[in-house]
>>> print(open('protein16.cif').read())   # mmCIF, C-alpha atoms
data_my_file
loop_
_atom_site.label_atom_id
_atom_site.label_comp_id
_atom_site.auth_asym_id
_atom_site.auth_seq_id
_atom_site.Cartn_x
_atom_site.Cartn_y
_atom_site.Cartn_z
CA MET J 1 145.76 120.07 62.32
CA SER J 2 142.48 119.96 60.44
CA ASP J 3 139.60 122.33 60.08
CA LEU J 4 137.61 120.15 62.44
CA ASP J 5 138.46 122.51 65.25
CA ASP J 6 136.32 125.16 63.66
CA PHE J 7 133.04 123.59 64.47
CA LEU J 8 133.87 122.04 67.80
CA SER J 9 132.62 123.99 70.78
CA ASP J 10 134.25 124.14 74.18
CA ASP J 11 131.32 122.34 75.73
CA PRO J 12 130.89 118.74 74.59
CA LEU J 13 127.20 119.02 75.40
CA ASN J 14 126.92 121.34 72.41
CA LEU J 15 128.39 118.85 69.98
CA THR J 16 126.02 117.98 67.16
CA ASP J 17 125.74 114.54 65.62
CA ALA J 18 127.74 115.84 62.67
CA ASP J 19 130.52 117.05 64.97
CA ILE J 20 130.89 113.63 66.54
CA ASP J 21 130.73 111.97 63.17
CA LYS J 22 133.68 114.13 62.11
CA ILE J 23 135.69 112.88 65.09
CA ILE J 24 134.87 109.30 64.12
CA ALA J 25 135.73 109.99 60.49
CA ALA J 26 139.03 111.56 61.56
CA GLN J 27 140.00 108.47 63.52
CA ARG J 28 138.96 106.18 60.68
CA LYS J 29 141.03 108.20 58.27
CA HIS J 30 143.98 108.04 60.64
CA ARG J 31 143.58 104.29 60.95
CA ALA J 32 143.37 103.80 57.20
CA LEU J 33 146.49 105.88 56.63
CA VAL J 34 148.47 103.89 59.17
CA GLU J 35 147.18 100.65 57.65
CA GLY J 36 148.32 101.99 54.34
CA GLY J 37 151.83 102.34 55.61
CA VAL J 38 151.96 106.02 56.53
CA ARG J 39 154.39 106.37 59.37
CA VAL J 40 153.03 108.25 62.34
CA LYS J 41 155.21 109.96 64.89
CA LYS J 42 154.26 109.75 68.52
CA ASP J 43 151.42 112.10 69.44
CA LYS J 44 151.16 113.36 65.85
CA GLY J 45 148.53 111.99 63.52
CA PRO J 46 149.36 111.96 59.84
CA SER J 47 146.85 114.55 58.78
CA VAL J 48 144.14 114.74 61.35
CA SER J 49 145.03 115.36 64.95
CA LEU J 50 142.65 113.98 67.54
CA ASP J 51 144.70 115.79 70.12
CA GLY J 52 144.14 119.13 68.53
CA LEU J 53 140.51 118.36 68.08
CA LEU J 54 140.11 117.34 71.67
CA THR J 55 141.94 120.30 73.07
CA LYS J 56 138.84 122.31 72.46
CA ILE J 57 136.75 119.79 74.29
CA THR J 58 138.82 118.78 77.23
CA GLY J 59 141.09 121.76 77.61
CA LYS J 60 144.81 121.79 77.14
CA PHE J 61 146.61 118.47 77.54
CA SER J 62 150.02 119.93 78.16
CA PRO J 63 151.31 118.89 81.55
CA GLN J 64 151.96 121.30 84.36
CA PRO J 65 155.28 123.11 83.96
CA LYS J 66 158.06 121.30 85.70
CA ILE J 67 160.25 123.02 88.23
CA THR J 68 163.81 122.37 87.25
CA ARG J 69 167.01 123.12 89.03
CA ARG J 70 169.32 125.52 87.22
CA MET N 1 131.97 73.16 99.55
CA ASN N 2 130.00 72.49 96.41
CA THR N 3 129.42 75.60 94.35
CA SER N 4 126.00 74.36 93.34
CA ASN N 5 124.91 75.10 96.91
CA LEU N 6 125.63 78.79 96.57
CA GLU N 7 122.47 80.75 96.90
CA ARG N 8 121.54 82.88 93.96
CA THR N 9 121.61 86.31 95.48
CA ILE N 10 121.89 89.31 93.23
CA SER N 11 121.37 92.10 95.67
CA GLU N 12 119.93 95.35 94.48
CA ILE N 13 122.87 97.70 94.76
CA ASP N 14 122.14 101.32 95.56
CA ARG N 15 124.59 103.20 93.32
CA ASP N 16 123.99 106.53 95.03
CA ALA N 17 124.51 105.45 98.62
CA PRO N 18 128.02 105.72 100.06
CA ALA N 19 129.76 102.36 99.95
CA PRO N 20 129.89 100.57 103.30
CA SER N 21 133.28 99.45 104.60
CA PRO N 22 134.35 95.98 103.47
CA PHE N 23 135.90 95.44 106.92
CA LEU N 24 134.23 94.26 110.10
CA PRO N 25 133.72 97.34 112.28
CA GLY N 26 136.78 98.27 114.31
CA THR N 27 138.96 95.57 112.72
CA ASN N 28 141.15 94.93 109.70
CA ILE N 29 139.19 91.77 108.95
CA GLN N 30 137.82 92.11 105.44
CA PHE N 31 134.51 90.36 104.85
CA ALA N 32 133.68 91.64 101.34
CA TRP N 33 136.12 90.53 98.67
CA ASP N 34 136.48 91.07 94.97
CA SER N 35 139.04 89.72 92.54
CA THR N 36 141.30 92.76 92.99
CA SER N 37 141.62 92.58 96.76
CA LEU N 38 141.83 88.80 96.71
CA GLY N 39 144.48 88.98 94.00
CA LEU N 40 146.53 91.38 96.13
CA LEU N 41 146.35 89.03 99.09
CA LYS N 42 147.30 86.00 97.02
CA THR N 43 150.16 87.83 95.32
CA CYS N 44 151.67 89.23 98.49
CA PRO N 45 150.11 89.95 101.91
CA ARG N 46 152.32 93.05 102.24
CA LEU N 47 151.05 94.36 98.91
CA TYR N 48 147.55 93.74 100.23
CA GLN N 49 148.38 95.63 103.43
CA TYR N 50 149.83 98.66 101.66
CA THR N 51 146.89 98.86 99.27
CA MET N 52 143.81 97.69 101.13
CA ILE N 53 144.67 98.30 104.79
CA ASP N 54 146.94 101.36 104.63
CA GLY N 55 145.49 102.86 101.45
CA TRP N 56 148.71 103.86 99.67
CA GLY N 57 148.11 104.86 96.06
CA SER N 58 149.99 106.49 93.21
CA ASN N 59 149.13 108.84 90.35
CA ASP N 60 149.96 106.27 87.68
CA GLU N 61 147.40 103.93 89.17
CA SER N 62 144.71 106.56 88.87
CA ILE N 63 145.48 107.06 85.17
CA HIS N 64 145.22 103.32 84.48
CA LEU N 65 142.06 103.13 86.56
CA ARG N 66 140.43 106.12 84.86
CA PHE N 67 141.36 104.86 81.41
CA GLY N 68 139.94 101.44 82.19
CA ILE N 69 136.74 102.91 83.58
CA GLU N 70 136.20 105.14 80.54
CA TYR N 71 136.92 102.28 78.14
CA HIS N 72 134.51 99.95 79.91
CA SER N 73 131.80 102.60 80.26
CA THR N 74 131.94 103.49 76.57
CA LEU N 75 131.71 99.90 75.40
CA GLU N 76 128.94 99.28 77.92
CA ASP N 77 126.99 102.24 76.54
CA TYR N 78 127.49 100.92 73.04
CA ASP N 79 126.26 97.44 73.99
CA ARG N 80 123.16 98.93 75.59
CA TYR N 81 122.39 101.08 72.56
CA ARG N 82 122.78 98.09 70.27
CA ALA N 83 120.56 96.00 72.54
CA GLU N 84 117.96 98.78 72.27
CA GLY N 85 118.04 98.40 68.50
CA LEU N 86 120.37 101.21 67.38
CA GLY N 87 122.62 100.52 64.42
CA HIS N 88 126.40 100.64 64.65
CA ASP N 89 126.89 104.25 63.58
CA ASP N 90 124.22 105.65 65.87
CA ALA N 91 125.33 103.55 68.84
CA LEU N 92 128.94 104.56 68.26
CA ARG N 93 128.06 108.24 68.04
CA GLU N 94 125.98 108.21 71.21
CA SER N 95 128.49 106.24 73.26
CA LEU N 96 131.25 108.56 72.03
CA ARG N 97 129.18 111.59 72.99
CA ASN N 98 128.87 110.20 76.54
CA LEU N 99 132.61 109.59 76.63
CA LEU N 100 133.40 113.14 75.50
CA CYS N 101 131.19 114.52 78.25
CA ARG N 102 132.80 112.33 80.91
CA ILE N 103 136.38 113.19 79.95
CA HIS N 104 135.69 116.91 79.69
CA GLY N 105 138.52 118.54 81.62
CA TRP N 106 140.47 115.32 82.20
CA GLN N 107 144.09 116.40 82.39
CA VAL N 108 146.83 113.81 81.96
CA ASP N 109 150.56 114.39 82.27
CA ARG N 110 151.88 112.86 79.07
CA ASP N 111 155.44 113.02 80.26
CA THR N 112 154.71 109.92 82.31
CA ARG N 113 154.68 106.49 80.66
CA ALA N 114 151.12 105.92 81.82
CA GLY N 115 149.96 109.30 80.52
CA LYS N 116 151.70 108.87 77.18
CA TYR N 117 149.64 105.78 76.40
CA LYS N 118 146.52 106.46 78.37
CA ASN N 119 144.99 109.87 77.80
CA PRO N 120 141.84 111.43 76.30
CA ALA N 121 143.07 111.10 72.70
CA THR N 122 144.01 107.44 73.00
CA ILE N 123 140.80 106.48 74.78
CA ILE N 124 138.74 107.99 71.96
CA ALA N 125 140.83 106.38 69.24
CA LEU N 126 140.83 103.03 71.02
CA THR N 127 137.08 102.89 71.52
CA ILE N 128 136.33 103.92 67.92
CA ASP N 129 138.75 101.30 66.59
CA TYR N 130 137.37 98.59 68.87
CA LEU N 131 133.74 99.28 68.06
CA ASP N 132 134.43 99.44 64.34
CA LYS N 133 136.25 96.12 64.50
CA TYR N 134 133.41 94.41 66.35
CA SER N 135 130.50 96.21 64.72
CA ASP N 136 129.24 92.82 63.60
CA ASP N 137 130.26 90.95 66.71
CA PRO N 138 129.82 87.15 66.55
CA ALA N 139 129.57 87.19 70.35
CA GLU N 140 126.05 88.39 71.11
CA THR N 141 125.10 90.12 74.35
CA TYR N 142 123.03 87.78 76.50
CA ILE N 143 119.62 89.16 77.38
CA LEU N 144 118.55 88.58 80.98
CA ALA N 145 115.16 87.16 81.91
CA ASP N 146 113.91 90.67 82.73
CA GLY N 147 114.85 91.91 79.26
CA ARG N 148 118.00 93.82 80.25
CA PRO N 149 121.22 93.23 78.33
CA ALA N 150 123.83 91.45 80.45
CA VAL N 151 126.40 94.24 80.43
CA GLU N 152 128.24 95.67 83.44
CA LEU N 153 126.52 93.25 85.77
CA SER N 154 127.44 94.02 89.34
CA PHE N 155 127.29 90.93 91.49
CA ARG N 156 127.39 90.42 95.19
CA PHE N 157 126.70 87.12 96.89
CA GLU N 158 127.26 85.61 100.29
CA LEU N 159 129.33 82.56 101.05
CA ASP N 160 128.08 80.06 103.59
CA TRP N 161 130.77 80.95 106.07
CA GLY N 162 132.26 84.10 107.49
CA PRO N 163 135.08 85.40 109.63
CA ARG N 164 135.16 83.96 113.10
CA GLN N 165 133.65 86.60 115.32
CA SER N 166 133.67 86.65 119.09
CA ARG N 167 132.22 88.84 121.78
CA THR N 168 132.64 89.19 125.50
CA ILE N 169 129.70 87.93 127.51
CA GLU N 170 128.84 88.10 131.18
CA ILE N 171 127.61 84.95 132.87
CA ALA N 172 125.76 85.19 136.18
CA GLN N 173 126.81 82.58 138.73
CA ALA N 174 124.63 80.91 141.34
CA ASP N 175 126.37 82.82 144.11
CA GLY N 176 125.43 86.12 142.47
CA SER N 177 128.87 86.82 141.04
CA VAL N 178 129.41 87.50 137.37
CA ILE N 179 132.18 86.07 135.27
CA THR N 180 133.10 87.16 131.78
CA GLY N 181 133.79 84.87 128.90
CA VAL N 182 134.26 84.94 125.17
CA GLU N 183 131.58 83.59 122.90
CA GLU N 184 132.03 82.83 119.24
CA PHE N 185 129.06 83.56 117.06
CA ASP N 186 127.96 83.48 113.44
CA GLY N 187 127.99 87.04 112.29
CA GLN N 188 128.69 88.60 108.95
CA PRO N 189 129.22 86.00 106.21
CA TYR N 190 131.90 86.56 103.60
CA ILE N 191 130.71 88.35 100.48
CA LEU N 192 132.11 87.99 96.98
CA SER N 193 131.53 90.94 94.70
CA GLY N 194 132.59 92.32 91.36
CA HIS N 195 131.48 93.40 87.92
CA LEU N 196 131.04 91.31 84.81
CA ASP N 197 131.72 93.43 81.74
CA ARG N 198 129.42 91.43 79.54
CA VAL N 199 127.86 87.99 79.26
CA VAL N 200 127.71 86.73 75.70
CA SER N 201 126.33 83.89 73.73
CA PHE N 202 129.03 82.54 71.44
CA GLN N 203 128.68 79.39 69.37
CA ASP N 204 125.69 78.25 71.45
CA SER N 205 127.50 78.61 74.77
CA LEU N 206 127.49 81.31 77.42
CA PHE N 207 130.71 83.08 78.31
CA VAL N 208 131.65 86.00 80.48
CA MET N 209 133.49 88.56 78.37
CA ASP N 210 136.14 90.51 80.21
CA ARG N 211 137.69 93.53 78.53
CA LYS N 212 141.33 94.25 79.07
CA THR N 213 143.48 97.11 77.88
CA SER N 214 147.18 96.39 77.73
CA LEU N 215 150.45 97.84 76.54
CA SER N 216 151.71 94.29 75.92
CA THR N 217 151.45 92.29 72.71
CA LEU N 218 148.30 90.16 72.71
CA SER N 219 150.10 86.90 72.05
CA ALA N 220 149.45 83.36 73.26
CA HIS N 221 151.84 84.20 76.10
CA TYR N 222 149.64 87.15 77.07
CA PHE N 223 146.49 85.03 77.21
CA SER N 224 148.20 82.20 79.10
CA GLN N 225 148.27 84.42 82.20
CA TYR N 226 144.52 83.85 82.54
CA GLU N 227 144.74 80.10 83.04
CA PRO N 228 144.59 79.49 85.93
CA ASN N 229 143.63 82.92 87.13
CA ASN N 230 141.91 84.19 90.25
CA GLN N 231 139.78 86.83 88.51
CA MET N 232 138.58 84.62 85.67
CA THR N 233 137.64 81.77 87.98
CA LEU N 234 135.72 84.14 90.25
CA TYR N 235 133.89 85.58 87.23
CA SER N 236 133.00 82.11 85.97
CA LEU N 237 131.68 81.25 89.41
CA ALA N 238 129.78 84.52 89.74
CA ALA N 239 128.15 84.17 86.33
CA LYS N 240 127.06 80.67 87.17
CA VAL N 241 125.55 81.84 90.47
CA ILE N 242 123.77 84.96 89.26
CA LEU N 243 122.56 83.63 85.93
CA ALA N 244 121.79 80.13 87.21
CA SER N 245 123.01 78.88 83.85
CA PRO N 246 126.01 76.86 82.77
CA ILE N 247 128.94 79.11 81.86
CA LYS N 248 131.78 77.74 79.79
CA GLY N 249 134.36 80.26 80.90
CA VAL N 250 135.62 83.70 80.03
CA ILE N 251 136.48 85.37 76.76
CA ILE N 252 139.38 87.74 77.33
CA ASP N 253 138.69 90.67 75.04
CA GLY N 254 142.12 92.23 74.73
CA ALA N 255 142.97 95.68 73.37
CA GLN N 256 146.56 96.74 72.94
CA VAL N 257 147.14 100.49 73.12
CA LYS N 258 149.79 101.63 70.65
CA LEU N 259 151.22 104.99 69.77
CA GLU N 260 152.78 104.69 66.34
CA GLU N 261 150.72 101.82 64.96
CA ASN N 262 147.03 101.06 65.01
CA HIS N 263 145.63 99.62 68.18
CA THR N 264 145.21 95.86 68.00
CA PHE N 265 142.45 93.66 69.34
CA GLN N 266 142.51 89.96 70.08
CA ARG N 267 140.28 87.56 71.96
CA GLY N 268 141.34 84.56 74.00
CA PHE N 269 139.29 81.86 75.70
CA THR N 270 139.70 80.35 79.14
CA TYR N 271 137.44 77.55 80.35
CA ARG N 272 136.43 76.44 83.85
CA THR N 273 134.90 73.10 84.85
CA GLU N 274 132.63 72.55 87.85
CA ASP N 275 135.45 70.78 89.64
CA GLN N 276 137.76 73.71 89.06
CA LEU N 277 135.19 76.08 90.53
CA ASP N 278 134.78 73.82 93.58
CA GLU N 279 138.52 73.67 94.05
CA TRP N 280 138.77 77.46 93.86
CA VAL N 281 136.11 77.91 96.55
CA ASN N 282 137.77 75.33 98.81
CA ASP N 283 141.07 77.15 98.42
CA LEU N 284 139.32 80.43 99.09
CA ARG N 285 138.31 79.21 102.54
CA LEU N 286 141.97 78.81 103.42
CA TRP N 287 142.99 82.13 101.86
CA LEU N 288 140.35 84.02 103.79
CA GLY N 289 141.34 82.21 106.96
CA MET N 290 144.89 83.42 106.43
CA ALA N 291 143.70 86.97 105.83
CA GLU N 292 141.87 86.77 109.12
CA GLN N 293 145.01 85.58 110.92
CA TYR N 294 147.09 88.39 109.40
CA ALA N 295 144.50 90.93 110.52
CA LEU N 296 144.38 89.53 114.05
CA ALA N 297 148.18 89.59 114.23
CA ASN N 298 148.19 93.05 112.61
CA TYR N 299 151.00 91.80 110.42
CA TRP N 300 151.04 90.97 106.73
CA PRO N 301 154.19 89.11 105.67
CA MET N 302 156.11 89.91 102.50
CA ASN N 303 156.11 87.40 99.66
CA ASP N 304 159.54 88.15 98.33
CA THR N 305 159.14 85.80 95.37
CA ALA N 306 156.45 88.02 93.84
CA CYS N 307 158.33 91.33 93.68
CA ASP N 308 159.29 90.97 90.01
CA LYS N 309 155.92 89.71 88.79
CA PHE N 310 153.75 91.71 86.39
CA GLY N 311 156.50 94.09 85.43
CA GLY N 312 157.61 94.60 89.01
CA CYS N 313 155.60 95.46 92.11
CA ARG N 314 154.97 99.17 92.60
CA PHE N 315 156.08 98.82 96.23
CA ARG N 316 159.33 97.07 95.38
CA SER N 317 161.40 100.14 96.14
CA ILE N 318 159.71 100.37 99.54
CA CYS N 319 160.14 96.73 100.53
CA SER N 320 163.79 96.88 99.53
CA LYS N 321 164.39 99.48 102.26
CA SER N 322 165.09 98.68 105.85
CA PRO N 323 161.83 98.31 107.83
CA GLN N 324 162.39 101.35 110.04
CA VAL N 325 162.55 103.78 107.11
CA ARG N 326 159.76 102.34 104.94
CA GLU N 327 157.01 104.59 106.24
CA ARG N 328 159.09 107.64 105.36
CA PHE N 329 159.61 106.42 101.80
CA LEU N 330 155.97 105.45 101.46
CA ALA N 331 154.95 108.95 102.50
CA SER N 332 157.24 110.59 99.96
CA ASN N 333 156.58 108.24 97.00
CA PHE N 334 152.88 107.49 97.43
CA THR N 335 149.69 109.21 98.45
CA LYS N 336 147.67 108.01 101.40
CA LEU N 337 144.15 107.84 100.10
CA ALA N 338 141.18 108.84 102.21
CA PRO N 339 139.09 105.82 103.25
CA GLU N 340 136.36 106.67 100.74
CA GLU N 341 138.92 106.83 97.90
CA ARG N 342 140.47 103.45 98.61
CA TRP N 343 139.68 100.32 96.70
CA ASN N 344 136.42 99.01 98.06
CA PRO N 345 134.75 95.83 96.75
CA LEU N 346 131.41 97.20 97.94
CA LYS N 347 131.67 100.42 95.93
CA PRO N 348 129.07 100.32 93.13
CA ARG N 349 130.29 101.08 89.65
#
>>> encode(input="protein16.cif", output="structure tokens")
Amino acid sequence: MSDLDDFLSDDPLNLTDADIDKIIAAQRKHRALVEGGVRVKKDKGPSVSLDGLLTKITGKFSPQPKITRR
Amino acid sequence: MNTSNLERTISEIDRDAPAPSPFLPGTNIQFAWDSTSLGLLKTCPRLYQYTMIDGWGSNDESIHLRFGIEYHSTLEDYDRYRAEGLGHDDALRESLRNLLCRIHGWQVDRDTRAGKYKNPATIIALTIDYLDKYSDDPAETYILADGRPAVELSFRFELDWGPRQSRTIEIAQADGSVITGVEEFDGQPYILSGHLDRVVSFQDSLFVMDRKTSLSTLSAHYFSQYEPNNQMTLYSLAAKVILASPIKGVIIDGAQVKLEENHTFQRGFTYRTEDQLDEWVNDLRLWLGMAEQYALANYWPMNDTACDKFGGCRFRSICSKSPQVRERFLASNFTKLAPEERWNPLKPR
């Protein structure tokens, strides 16, 4: 997780140009790392997590709890 | 029918008005068709029935649909910003801002296969990667005569024939009695509709560009599915009609969504000649005639040679059951969509 979360607000309407540029930079960095051979596990970026960053914007991504039979 | 006779009719589509039904009132006879509904019919009349007539849908479909809509909308925004003169970075930032606003609160269950690949994080990554790759796109957006960029062009045009319609008439006799008869009349013509993602000028020729997201490898095998192909032929025809210009064919602008590697992008070309377009329209007359017959019979037969196509039909488990229990399984495995939520070729995008 990066420090990008710090400046992201809950409301995407409040995002500044710089905030969005950070998101773009994060994805570019991720892409460059993968191109460079860094192995990425599913749903986990190598150093910058878009998921974590987006959680602030779109709310939690975790699915609804499943009801399981004991 | 010669396609050169098709009237150029881009109707002004009211995006705020509720979409009218694509069916003749009180019937299951569909008069407005797009590539999706026509593709369902051609693939399997039963698949068409379950989707278009009965309105059965599933959650996975809505994820794919939402993902596709967000991807298309973001690239459309970007194309418009670029056409207005914005540079790559500014256009990317503004189109991404719009995307972030639209997906605010979009919840996806990532435990599903669809949700694992298609969710808010992957749509953002995919669009940034795509737009960076094509920041200096050799395919240039075509500018319409009125100055608008040819992106997300909704088309709707009438064919020169329609479903056979009949009505009961009363005929007065000389002796004062009245007899009733049935009169056939020319009513609603068939309508073809759809959306062209983008029209581009590439190497001095005009092409429709159609954007596809896929989980499959974008190989020659992937692109071969578009030749021949119902959707791409309709789009070639539509572009020719609405632009009144020669169109070479369609550029398939493929994007492969990946989890552990970078997303990949590849373009493929598919060409259509005038004769191929004519042939498609002639065939269409027969297909629509069959759709009419199915609707009149209130029965849509199963094409049991298509069940394993495209990774397997979503209704395969239903059709494999005995007919008397299918409704029960449909009700438990699918959701019956309200009429306004069903696929409608007349719904503006």
>>> atom_distance(input="protein16.cif", atom1="atom CA of N:Leu206", atom2="atom CA of N:Pro246")
7.1 Å
>>> atom_distance(input="protein16.cif", atom1="atom CA of J:Ala25", atom2="atom CA of N:Ile128")
9.6 Å
>>> residues_around(input="protein16.cif", residues="N:Gln165", least_positions_apart="2", cutoff="8 Å", atoms="all atoms listed in the file", output="JSON list (two decimals) with C-alpha atoms, in the frame of the given file")
[["chain", "number", "residue", "atom", "x", "y", "z"],
["N", 163, "PRO", "CA", 135.08, 85.40, 109.63],
["N", 167, "ARG", "CA", 132.22, 88.84, 121.78],
["N", 184, "GLU", "CA", 132.03, 82.83, 119.24],
["N", 185, "PHE", "CA", 129.06, 83.56, 117.06],
["N", 186, "ASP", "CA", 127.96, 83.48, 113.44],
["N", 187, "GLY", "CA", 127.99, 87.04, 112.29]]
>>> atom_distance(input="protein16.cif", atom1="atom CA of N:Tyr117", atom2="atom CA of N:Ser219")
19.4 Å
>>> resolve_selection(input="protein16.cif", expression="the PyMOL selection byres ((chain N and resi 217) around 12)", output="list of chain:residue names")
N:Thr213, N:Ser214, N:Leu215, N:Ser216, N:Leu218, N:Ser219, N:Ala220, N:His221, N:Tyr222, N:Phe223, N:Gly254, N:Ala255, N:Gln256, N:Val257, N:Lys258, N:His263, N:Thr264, N:Phe265, N:Gln266
>>> interface_residues(input="protein16.cif", of="chain N", to="chain J", cutoff="7 Å", atoms="all atoms listed in the file", output="ChimeraX atom specification")
/N:93,97,100-101,103-110,121,125,128,259-262
>>> residues_around(input="protein16.cif", residues="stretch 314-323 of chain N", least_positions_apart="6", cutoff="9 Å", atoms="all atoms listed in the file", output="PyMOL selection string")
chain N and resi 46-47+50+58+302+304+307-308+329-330+333
